[in-house]
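Read through the structure below, which is laid out as structure tokens, and then see the notes.
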Amino acid sequence: MRPRKDWPNHGSVRLSCLRRGGMSDFPLPRIKDFLQSVVPFDTMKETELQRVVGLMDLAYFPHGEVIIQAGEDPSKNLYVIMNGSVRVTLPRQSGEELLVDVRGEGDTFGALSLLQGELALFTVTAQEDLLAFMLPDEPFRDLVRDNPVFKRHFSFSLARNIDAVRHAADHHTTQMTGTETLGLDAVLTGSRVHELMSKTLLTCLPVTPVKAAAILMTQRKVGSIMVCEAGGRPMGILTDTDLRVRVLAAGVAPDVPVAEVMSRSMKSISPQAFAFEAMIEMARHGVHHLAVTEDQRLVGVISDHDLTMVTGSSPVGVMKEVAKVSSLEDLAELPRRMNRVMETLLRLGGSAEYMLDVLSEFNDRLTVRLIRLTQNAMEHKGLGPAPVQFSWLALGSAGRREQALHQGQDYAVVYANVPPDREEAVHVWFSEFAGRMIEGLSSCGFKGTSEAVMNDALLCCRSEAAWEESFMAWIGGAHPPALAMAAKYFDLRAVYAETGFVEMLWNKIFNAIEANRDFLGRLRLAGPQTRPPVGFLRQFAVDHDGAYLDRLNLEEVALQPVVGAARIMALDQRLRQTNTLERLGAVTRLGLLKDRISDDLYEAFSFVTLLRIARRLEEGHNGKDEGAYLDPADLNRVQRKMLKESFQVVSKLQEFTAQRYAQ
Amino acid sequence: MTLWQAKLLNRATRLRLAHRRLPDEARANLSVLDGVSGRALASAQRYVVVDLETTGLDHTKDRVVSVGAFRVVDGHIRLGEVFNEFANPGRGIPVESIKVHGITPDNIRDARPAWEVFRDFLTYLGRDIVVAHFARFDMFFLNRVMRAQYGMRLQNLVVDTVLMCRAALIEPDPYGQKKGAKRCSLDALAARYGMEVPERHTALGDALATALILQRLLPEMERAGWKTLGDLVRVAGVQ
């Protein structure tokens with residue numbers, strides 16, 4: 001309802017009254033000064049800036065108001081934040097939102113969808129009361145077209161357009177951002193699944209014999225075939241690997257129906273989803289193909305290869321290389337490249353969840369590759385192959401899929417039970433193996449190959465029976481002081497498994513906990529009891545007791561308490577998830593946590609994690625090693641505010657678990 | 001004050017001036033209330049936020065020295081549609097006033113007389129709703145010139161941010177105990193909203209501050225249940 005909008009505008013005295021006044025040219029120097037401090041407006045000439053200010057509106061949005069809604073019309077303005085902050089989020093198919101960025105004073109938003117002229121990609125919400133300049137569509141486009149500085153600044157976003165990648169030969173864009181960035185960028189946000197998927201589908205019915213399916217694949221020269229119901233609903237996929245592992249190696253007859261040997265863990269995705277999301281899904285489920293479905297009907301397949309095609313050096317690209325590497329030296333080269341990719345990703349505003357997923361997937365693949373290489377090397381040396389089946393477990397942060405870069409790793413080897421007379425020989429082989437693995441991992445840049453870890457690793461190289469015994473002892477309360485060290489073992493996850501030991505172990509753990517409920521309380525008390533600071537004052541963080549801290553260990557005050565609480569609640573509810581966010585999500589669905597607190601925790605945990613990854617990358621850059629410590633003075637206003645709120649949520653969670661798992 | 005009353009007064013003025021020869025800007029001003037609907041959303045209206053600086057606070061002898069205004073459309077302040085001009089008061093400026101607004105006799109030596117400035121202002125204003133902080137003060141000076149020049153008051157709707165603030169923000173104070181607290185002053189409101197007011201005490205700076213406050217008060221009024229233009233005029237309208 002804007003009844004007066006179409007009335008003739010009597011008063012278009014745009015700036016005409018200014019000349020006579022005899023004041024300085026733009027009547028409000030402070031506003032001009034502010035814009036002069038904003039990149040890229042800072043490079044403008046005085047007169048030009050005055051002209052541009054005259055084209056701007058100043059808008060106010062109360063906190064909570066949605067300014068740009070993802071999936072709706074492109075933004076009609078470039079926004080420059082004068083005061084307040086906004087959250088930039090990506091709505092996911094599942095309905096949840098992914099926090100992509102928080103922007104504060106002097107930052108801009110809205111440029112991406114405006115310049116692309118496509119539906120807005122992100123939702124932008126005022127996080128605090130917001131005062132923002134709005135530069136309308138037309139003049140902004142003119143600026144980007146005519147002003148090289150603007151062009152460079154905003155084409156960083158423009159490059160998100162898939163077209164830019166296809167025309168990567170255009171020296172302009174390549175020089176400015178480097179192809180590496182460009183490719184990654186495009187995969188992240190520019191393209192949608194339906195643009196990249198293969199539409200020429202090879203499908204067969206579930207009753208098709210395996211041999212017929214293999215012939216079809218050979219004729220069409222493809223590595224996989226989709227198995228669909230008669231109605232078109234995808235049921236699974238049969239890949240080259242499946243043919244090798246589940247048919248040939250397993251000695252299955254070639255005339256059994258494909259339904260019996262196909263992989264049923266086929267994940268699907270909408271054609272409208274972003275390639276970015278496809279990558280997350282693949283990384284999360286460890287699959288190479290996703291079925292693209294519309295109304296339950298198969299319309300295409302997207303593989304990690306399709307993504308690599310457009311990425312050049314993307315996380316997926318680097319990951320793919322892991323499988324090809326044949327020497328330890330080459331393998332050690334990859335983490336460095338991964339760091340660079342991650343850095344770009346971070347700069348582009350990647351989300352914590354996504355980065356952790358990608359990183360741990362990368363680390364897992366690296367580890368698996370290293371296991372193969374190490375086994376080969378040992379056979380070469382005449383030490384022989386592994387005497388029995390074994391699994392390689394990730395513990396602690398690696399087990400939770402939360403390891404940041406350059407972080408210490410906790411791993412364990414568990415080998416099948418053997419008769420006592422062979423035990424000695426088997427242990428010797430696996431000790432040698434573990435030693436070589438640790439060496440390999442450290443040459444790949446994983447930190448902490450000190451003597452202690454070495455010993456720990458040897459200690460963790462044990463048989464299934466020995467492992468089980470330790471867990472039962474911890475749960476039963478045999479060695480209370482050991483529990484503090486033991487907590488990380490309850491985040492175990494198999495990176496490489498030849499046996500079903502891990503599943504069996506989980507069942508035993510849950511049953512044992514059922515019988516020893518007080519274990520959960522003991523586990524809580526064994527963890528760190530530090531409470532996060534209450535807030536910030538100038539360059540200090542302020543403790544609960546009012547003490548000023550000039551160093552802040554984020555790991556200890558904000559992450560560990562959440563990790564610990566999620567672990568206890570998950571064990572309580574017999575949940576096998578190890579990832580903290582997944583654990584929180586699962587206990588929330590079970591009704592243990594309220595939705596609101598769970599949402600807040602999700603944000604807090606993501607934010608602190610992101611901050612921590614950013615610090616790690618920075619340190620890697622500067623060659624500094626400040627450990628987990630953070631100087632509160634280095635934080636900007638928005639970060640302080642976010643951290644403060646995060647701390648509050650963490651405190652709430654601590655109170656909740658303290659009550660529920662009181663001893 | 002209601003929209004209906006405003007329209008009635010407007011009708012009377014039109015009857016009275018029906019046969020008088022009027023300059024175009026005055027004739028146009030007579031019809032600004034035509035077609036204005038009280039049911040329209042207040043937040044979607046066009047406003048002109050104005051502030052005047054004068055030679056002093058005595059309305060019998062003081063005169064306008066500066067006029068500053070911003071247009072607010074759909075809640076957005078148009079930085080390009082600014083009205084900012086000095087007026088020649090035809091008398092000296094007392095030192096106390098110079099201390100407040102910083103306008104010196106040198107500034108206004110070449111300025112035009114107030115009636116000419118207001119003539120341009122009328123054109124700039126068009127049909128928009130006038131907003132001012134302590135609107136009665138500004139309207140007194142404006143209407144004095146209007147009456148002398150055209151024989152009528154300004155016909156546009158006038159809304160006072162102080163009244164909006166009292167209605168939507170401040171808890172009722174029936175016994176006047178907190179009267180001296182100046183809870184609705186520009187400075188108090190700016191502090192309440194954590195705003196840094198640039199160029200305070202210039203006509204344009206204060207107009208901007210008032211516009212920023214209007215931006216925040218409109219949603220507050222909506223929250224309090226006053227959503228339409230009719231509501232706004234009833235709560236905060238001034239004559």
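The chains in the structure tokens are called A, B, ... from first to last as shown; in each chain the residues are counted from 1, and the ligands are counted from 1 in the order shown.
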Running DSSP on the backbone, which parts of range 7-239 of chain B land in alpha helix (DSSP H), as a PyMOL selection string? chain B and resi 7-16+24-30+95-101+105-108+114-125+135-150+161-168+186-192+203-223+229-236
Please identify every residue of chain B that has at least one atom no farther than 9 Å from an atom of chain A, counting only C-alpha atoms, and for each give the shortest atom pair and the distance in Å to one decimal, arranged by chain then increasing number, as JSON lines.
{"residue": "B:Val36", "atom": "CA", "partner": "A:Arg4", "partner_atom": "CA", "distance": 8.3}
{"residue": "B:Ser37", "atom": "CA", "partner": "A:Pro3", "partner_atom": "CA", "distance": 8.3}
{"residue": "B:Ala40", "atom": "CA", "partner": "A:Met1", "partner_atom": "CA", "distance": 6.7}
{"residue": "B:Leu41", "atom": "CA", "partner": "A:Met1", "partner_atom": "CA", "distance": 6.8}
{"residue": "B:Ala44", "atom": "CA", "partner": "A:Arg2", "partner_atom": "CA", "distance": 5.6}
{"residue": "B:Gln45", "atom": "CA", "partner": "A:Arg2", "partner_atom": "CA", "distance": 7.0}
{"residue": "B:Arg46", "atom": "CA", "partner": "A:Arg4", "partner_atom": "CA", "distance": 7.5}
{"residue": "B:Val72", "atom": "CA", "partner": "A:Asp57", "partner_atom": "CA", "distance": 8.8}
{"residue": "B:Asp74", "atom": "CA", "partner": "A:Arg2", "partner_atom": "CA", "distance": 8.4}
{"residue": "B:Gly75", "atom": "CA", "partner": "A:Ala59", "partner_atom": "CA", "distance": 6.6}
{"residue": "B:His76", "atom": "CA", "partner": "A:Ala59", "partner_atom": "CA", "distance": 4.5}
{"residue": "B:Ile77", "atom": "CA", "partner": "A:Leu58", "partner_atom": "CA", "distance": 4.7}
{"residue": "B:Arg78", "atom": "CA", "partner": "A:Asp57", "partner_atom": "CA", "distance": 4.4}
{"residue": "B:Leu79", "atom": "CA", "partner": "A:Gly54", "partner_atom": "CA", "distance": 5.3}
{"residue": "B:Gly80", "atom": "CA", "partner": "A:Gly54", "partner_atom": "CA", "distance": 3.7}
{"residue": "B:Glu81", "atom": "CA", "partner": "A:Arg14", "partner_atom": "CA", "distance": 4.6}
{"residue": "B:Val82", "atom": "CA", "partner": "A:Leu15", "partner_atom": "CA", "distance": 5.9}
{"residue": "B:Phe83", "atom": "CA", "partner": "A:Cys17", "partner_atom": "CA", "distance": 6.0}
{"residue": "B:Asn84", "atom": "CA", "partner": "A:Leu18", "partner_atom": "CA", "distance": 5.9}
{"residue": "B:Glu85", "atom": "CA", "partner": "A:Gly21", "partner_atom": "CA", "distance": 5.0}
{"residue": "B:Phe86", "atom": "CA", "partner": "A:Gly21", "partner_atom": "CA", "distance": 5.7}
{"residue": "B:Ala87", "atom": "CA", "partner": "A:Gly21", "partner_atom": "CA", "distance": 8.9}
{"residue": "B:Asn107", "atom": "CA", "partner": "A:Gly22", "partner_atom": "CA", "distance": 7.1}
{"residue": "B:Ile108", "atom": "CA", "partner": "A:Gly21", "partner_atom": "CA", "distance": 8.4}
{"residue": "B:Asp110", "atom": "CA", "partner": "A:Arg20", "partner_atom": "CA", "distance": 8.7}
{"residue": "B:Ala111", "atom": "CA", "partner": "A:Gly21", "partner_atom": "CA", "distance": 7.3}
{"residue": "B:Asp120", "atom": "CA", "partner": "A:Cys17", "partner_atom": "CA", "distance": 8.8}
{"residue": "B:Phe121", "atom": "CA", "partner": "A:Gly11", "partner_atom": "CA", "distance": 8.4}
{"residue": "B:Leu122", "atom": "CA", "partner": "A:Gly11", "partner_atom": "CA", "distance": 8.1}
{"residue": "B:Thr123", "atom": "CA", "partner": "A:Gly11", "partner_atom": "CA", "distance": 5.4}
{"residue": "B:Tyr124", "atom": "CA", "partner": "A:Gly11", "partner_atom": "CA", "distance": 3.5}
{"residue": "B:Leu125", "atom": "CA", "partner": "A:Gly11", "partner_atom": "CA", "distance": 5.6}
{"residue": "B:Gly126", "atom": "CA", "partner": "A:His10", "partner_atom": "CA", "distance": 4.7}
{"residue": "B:Arg127", "atom": "CA", "partner": "A:His10", "partner_atom": "CA", "distance": 7.4}
{"residue": "B:Asp128", "atom": "CA", "partner": "A:Arg4", "partner_atom": "CA", "distance": 9.0}
{"residue": "B:Met195", "atom": "CA", "partner": "A:Asn83", "partner_atom": "CA", "distance": 8.7}
{"residue": "B:Pro198", "atom": "CA", "partner": "A:Arg30", "partner_atom": "CA", "distance": 6.0}
{"residue": "B:Glu199", "atom": "CA", "partner": "A:Leu28", "partner_atom": "CA", "distance": 6.9}
{"residue": "B:Leu204", "atom": "CA", "partner": "A:Pro27", "partner_atom": "CA", "distance": 7.5}
{"residue": "B:Gly205", "atom": "CA", "partner": "A:Leu28", "partner_atom": "CA", "distance": 7.2}
{"residue": "B:Leu212", "atom": "CA", "partner": "A:Tyr60", "partner_atom": "CA", "distance": 7.8}
{"residue": "B:Gln215", "atom": "CA", "partner": "A:Tyr60", "partner_atom": "CA", "distance": 6.2}
{"residue": "B:Arg216", "atom": "CA", "partner": "A:Tyr60", "partner_atom": "CA", "distance": 7.2}
{"residue": "B:Pro219", "atom": "CA", "partner": "A:Pro62", "partner_atom": "CA", "distance": 8.0}
Which of range 93-185 of chain B counts as strand (DSSP E) under DSSP, as a PDB file with C-alpha atoms, in the first residue's frame please?
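result-v5.pdb, freshly written:
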ATOM      1  CA  ARG B 112      17.846  35.435   0.795  1.00  0.00           C
ATOM      2  CA  PRO B 113      15.003  36.552   3.052  1.00  0.00           C
ATOM      3  CA  ILE B 129       3.985  15.068   5.568  1.00  0.00           C
ATOM      4  CA  VAL B 130       6.043  17.485   7.653  1.00  0.00           C
ATOM      5  CA  VAL B 131       7.917  15.989  10.599  1.00  0.00           C
ATOM      6  CA  ALA B 132       9.747  17.990  13.231  1.00  0.00           C
ATOM      7  CA  VAL B 158       2.421  17.977  10.527  1.00  0.00           C
ATOM      8  CA  VAL B 159       3.667  15.265  12.860  1.00  0.00           C
ATOM      9  CA  ASP B 160       5.733  15.768  15.996  1.00  0.00           C
TER      10      ASP B 160
END
Residues within 10 Å of range 550-558 of chain A, only C-alpha atoms, excluding chain neighbours under 4 positions, as a PyMOL selection string: chain A and resi 528-533+539-542+562-563+604-605+608-609+611-612+627-633+643+646-651
